[in-house]
file structure_30.txt (compact mmCIF, C-alpha atoms)
# COMPACT_ATOMS: atom_id res chain seq x y z
CA MET A 1 143.98 121.74 91.25
CA LYS A 2 143.52 118.87 88.80
CA LYS A 3 144.53 116.40 91.49
CA LEU A 4 141.93 117.84 93.87
CA ILE A 5 139.17 117.53 91.28
CA LEU A 6 140.27 113.99 90.46
CA ALA A 7 140.34 113.09 94.16
CA LEU A 8 136.82 114.48 94.64
CA CYS A 9 135.53 112.53 91.65
CA LEU A 10 137.08 109.32 92.95
CA ALA A 11 135.69 109.92 96.43
CA ALA A 12 132.21 110.54 95.05
CA THR A 13 132.23 107.33 93.00
CA ALA A 14 133.77 105.30 95.81
CA CYS A 15 130.94 106.17 98.19
CA GLY A 16 128.32 104.81 95.79
CA PHE A 17 127.06 108.17 94.58
CA HIS A 18 125.48 108.21 91.15
CA LEU A 19 122.94 110.36 89.40
CA ARG A 20 119.34 109.23 89.56
CA GLY A 21 118.53 107.47 86.33
CA PRO A 22 115.44 105.73 85.06
CA GLN A 23 113.92 103.13 87.36
CA PRO A 24 112.40 100.40 85.23
CA LEU A 25 109.30 98.77 86.63
CA PRO A 26 109.49 95.03 87.35
CA PHE A 27 106.40 94.12 85.28
CA ASP A 28 105.93 94.10 81.51
CA SER A 29 102.50 95.75 81.35
CA ILE A 30 100.33 97.89 83.60
CA TYR A 31 96.77 99.20 83.49
CA LEU A 32 96.31 102.63 85.04
CA ALA A 33 92.84 103.27 86.47
CA LEU A 34 93.54 106.96 86.05
CA SER A 35 92.37 109.18 83.21
CA PRO A 36 95.15 110.06 80.77
CA TYR A 37 93.53 113.49 80.42
CA THR A 38 94.30 114.58 83.98
CA GLU A 39 97.65 116.12 84.85
CA MET A 40 98.41 113.24 87.22
CA GLY A 41 97.48 110.63 84.61
CA ALA A 42 99.52 112.32 81.89
CA ASP A 43 102.57 112.76 84.16
CA LEU A 44 102.44 109.15 85.31
CA ARG A 45 102.09 107.80 81.77
CA ARG A 46 104.96 109.96 80.52
CA GLN A 47 107.26 108.79 83.33
CA ILE A 48 106.41 105.11 82.89
CA VAL A 49 107.13 105.30 79.17
CA ALA A 50 110.41 107.14 79.82
CA ASN A 51 111.54 104.74 82.57
CA GLY A 52 111.81 101.52 80.65
CA HIS A 53 110.11 98.63 78.94
CA THR A 54 106.74 98.58 80.76
CA ARG A 55 103.75 98.98 78.43
CA ILE A 56 100.61 100.83 79.47
CA VAL A 57 97.55 98.89 78.35
CA ASP A 58 94.02 100.13 77.71
CA LYS A 59 92.07 97.25 79.27
CA PRO A 60 92.45 95.95 82.84
CA ALA A 61 92.52 92.34 81.63
CA ASP A 62 95.51 93.04 79.35
CA GLY A 63 97.87 94.15 82.11
CA GLN A 64 100.02 92.05 84.39
CA VAL A 65 99.10 94.53 87.13
CA ARG A 66 96.48 97.22 87.71
CA LEU A 67 97.07 100.49 89.51
CA GLN A 68 93.85 101.34 91.35
CA VAL A 69 93.38 104.84 92.71
CA VAL A 70 91.74 104.97 96.14
CA THR A 71 92.06 108.71 96.83
CA ASP A 72 93.32 111.70 94.88
CA ALA A 73 92.58 114.85 96.86
CA ARG A 74 93.82 118.39 97.23
CA GLU A 75 93.13 120.51 100.29
CA LYS A 76 93.73 124.11 101.27
CA VAL A 77 93.81 124.73 105.03
CA ILE A 78 94.12 128.07 106.81
CA LEU A 79 97.25 128.17 108.96
CA SER A 80 97.16 131.68 110.42
CA LEU A 81 95.12 134.87 110.52
CA ASP A 82 96.20 138.46 111.10
CA THR A 83 94.73 140.73 113.80
CA ASN A 84 91.84 141.69 111.47
CA GLY A 85 90.87 138.07 110.89
CA GLN A 86 92.30 137.99 107.35
CA VAL A 87 94.16 134.91 106.16
CA ARG A 88 97.95 135.26 106.30
CA GLU A 89 99.06 131.69 105.52
CA TYR A 90 97.61 128.59 103.94
CA GLU A 91 98.81 125.01 103.90
CA LEU A 92 98.31 123.21 100.59
CA ARG A 93 97.98 119.45 100.87
CA GLN A 94 97.80 116.69 98.32
CA ARG A 95 96.99 113.07 99.13
CA PHE A 96 97.15 110.16 96.72
CA SER A 97 96.23 106.62 97.82
CA PHE A 98 96.58 103.62 95.57
CA LYS A 99 96.95 99.89 95.48
CA LEU A 100 98.50 97.59 92.91
CA VAL A 101 96.86 94.25 92.13
CA ASP A 102 97.81 91.49 89.73
CA ALA A 103 95.58 89.90 87.08
CA LYS A 104 94.19 87.47 89.68
CA GLY A 105 93.23 90.30 92.04
CA ARG A 106 96.01 89.63 94.54
CA GLU A 107 97.59 92.68 96.13
CA VAL A 108 101.10 93.37 94.95
CA ILE A 109 101.17 96.62 96.93
CA PRO A 110 98.46 97.12 99.57
CA VAL A 111 96.67 100.45 99.91
CA THR A 112 99.41 103.05 100.28
CA GLU A 113 99.01 106.79 100.81
CA LEU A 114 101.46 109.32 99.49
CA SER A 115 101.02 112.86 100.74
CA THR A 116 102.79 116.15 100.55
CA LYS A 117 102.18 119.67 101.81
CA ARG A 118 103.46 123.17 101.27
CA GLU A 119 102.95 126.42 103.17
CA VAL A 120 102.12 129.58 101.28
CA SER A 121 101.72 133.13 102.55
CA PHE A 122 98.73 135.15 101.39
CA ASN A 123 98.31 138.82 100.58
CA ASP A 124 95.11 140.38 99.20
CA GLY A 125 97.19 142.93 97.29
CA GLN A 126 98.89 140.18 95.28
CA LEU A 127 95.88 138.00 94.54
CA LEU A 128 96.80 137.06 90.97
CA ALA A 129 100.43 136.33 91.85
CA LYS A 130 99.37 134.20 94.83
CA GLU A 131 96.95 132.22 92.64
CA GLN A 132 99.78 131.50 90.21
CA GLU A 133 102.06 130.53 93.09
CA GLU A 134 99.41 128.13 94.39
CA ILE A 135 99.05 126.53 90.95
CA GLN A 136 102.83 126.10 90.71
CA LEU A 137 103.06 124.64 94.22
CA TYR A 138 100.32 122.08 93.46
CA ARG A 139 102.17 121.21 90.24
CA ASP A 140 105.43 120.67 92.15
CA MET A 141 103.60 118.56 94.75
CA GLN A 142 102.11 116.40 92.00
CA ILE A 143 105.53 115.85 90.41
CA ASP A 144 106.82 114.79 93.83
CA ILE A 145 103.96 112.32 94.29
CA VAL A 146 104.45 110.83 90.80
CA ARG A 147 108.19 110.38 91.51
CA ARG A 148 107.45 108.70 94.85
CA LEU A 149 104.75 106.52 93.25
CA LEU A 150 107.20 105.33 90.59
CA ASN A 151 109.80 104.55 93.27
CA ARG A 152 107.20 102.49 95.11
CA LEU A 153 106.13 100.66 91.93
CA ALA A 154 109.77 99.97 90.99
CA SER A 155 110.40 98.36 94.38
CA ALA A 156 107.34 96.07 94.20
CA HIS A 157 108.02 92.38 94.75
CA TRP A 158 107.21 90.90 91.36
CA PRO A 159 106.27 88.32 90.31
CA LEU A 160 104.18 87.17 93.22
CA PRO A 161 104.79 83.60 94.33
CA GLU A 162 102.38 81.08 92.90
CA GLU A 163 99.64 79.97 95.25
CA PRO A 164 99.91 76.33 96.31
CA ALA A 165 97.36 74.07 94.68
CA GLN A 166 94.39 73.32 96.90
CA SER A 167 94.02 69.62 97.53
CA ALA A 168 90.53 68.23 97.21
CA PRO A 169 88.99 67.11 100.51
CA ALA A 170 89.16 63.37 100.98
CA SER A 171 85.78 61.71 100.47
CA GLN A 172 84.56 59.53 103.26
CA SER A 173 83.12 56.12 102.41
call {"tool": "encode", "arguments": {"input": "structure_30.txt", "output": "structure tokens"}}
result
Amino acid sequence: MKKLILALCLAATACGFHLRGPQPLPFDSIYLALSPYTEMGADLRRQIVANGHTRIVDKPADGQVRLQVVTDAREKVILSLDTNGQVREYELRQRFSFKLVDAKGREVIPVTELSTKREVSFNDGQLLAKEQEEIQLYRDMQIDIVRRLLNRLASAHWPLPEEPAQSAPASQS
């Protein structure tokens, strides 16, 4: 039995498997154009601090990069109705679009949309429970988006190459 467990452990490590650990961001400081008082802002800040050495700055000019939010939206769409015209299923959607720019305004990551959706059944007799389920599903969706956002930020090509110096036009005499 011990040999089997040892063989499985060796096979798992040989294939490159490892637990997901922190993914440090490639830049030293970041400005988040996202309120720290929202759930998304608080989650993102907490994860950045936990992931490594990147500092979150309070002023856009102080950061090497700026995360700019383009869209942060939640939607609830009816999926199906019963024979009486009552809602049976909803689809919950969350979309988050962002771009990352450096201190000079150059795009490090162009506008990127992250989205997720979940289906939820509905029953009038369980209204309070279904409201709580919806809150929990939106929370799970947000955690998923924050994780995917951090993966995207961690894979950003940084630093950007320096722009070639512009040569002055030759004056004609």
call {"tool": "residues_around", "arguments": {"input": "structure_30.txt", "residues": "range 43-45 of chain A", "least_positions_apart": "2", "cutoff": "9 Å", "atoms": "all atoms listed in the file", "output": "MDAnalysis selection string"}}
result
chainID A and resid 32 36 38:41 47:50 56 142:143 146:147 149:150
call {"tool": "axis_aligned_box", "arguments": {"input": "structure_30.txt", "around": "range 75-86 of chain A", "padding_each_side": "8 Å", "output": "JSON"}}
result
{"center_x": 94.1, "center_y": 131.1, "center_z": 107.0, "size_x": 22.4, "size_y": 37.2, "size_z": 29.5}
call {"tool": "residues_around", "arguments": {"input": "structure_30.txt", "residues": "Leu114 in chain A", "least_positions_apart": "6", "cutoff": "12 Å", "atoms": "only C-alpha atoms", "output": "list in words"}}
result
Val69, Val70, Thr71, Asp72, Ala73, Arg93, Gln94, Arg95, Phe96, Ser97, Phe98, Lys99, Met141, Gln142, Ile143, Asp144, Ile145, Val146, Arg147, Arg148, Leu149, Leu150, Asn151 and Arg152 of chain A
call {"tool": "closest_residue", "arguments": {"input": "structure_30.txt", "among": "A:Glu75, A:Gln136, A:Ser29, A:Arg88", "to": "Asp102 in chain A", "atoms": "only C-alpha atoms"}}
result
A:Ser29
call {"tool": "closest_residue", "arguments": {"input": "structure_30.txt", "among": "A:Leu79, A:Ser115, A:Trp158, A:Ser121", "to": "Gln64 in chain A", "atoms": "all atoms listed in the file"}}
result
A:Trp158
call {"tool": "atom_distance", "arguments": {"input": "structure_30.txt", "atom1": "CA of Asn51 in chain A", "atom2": "CA of Leu160 in chain A"}}
result
21.8 Å
call {"tool": "closest_residue", "arguments": {"input": "structure_30.txt", "among": "A:Leu34, A:Leu100, A:Val77, A:Leu92", "to": "Glu133 in chain A", "atoms": "only C-alpha atoms"}}
result
A:Leu92
call {"tool": "atom_distance", "arguments": {"input": "structure_30.txt", "atom1": "CA of Pro60 in chain A", "atom2": "CA of Pro164 in chain A"}}
result
24.9 Å
call {"tool": "atom_distance", "arguments": {"input": "structure_30.txt", "atom1": "CA of Gly125 in chain A", "atom2": "CA of Arg139 in chain A"}}
result
23.4 Å
call {"tool": "closest_residue", "arguments": {"input": "structure_30.txt", "among": "A:Leu128, A:Ile109, A:Leu137, A:Val65", "to": "Tyr90 in chain A", "atoms": "all atoms listed in the file"}}
result
A:Leu137
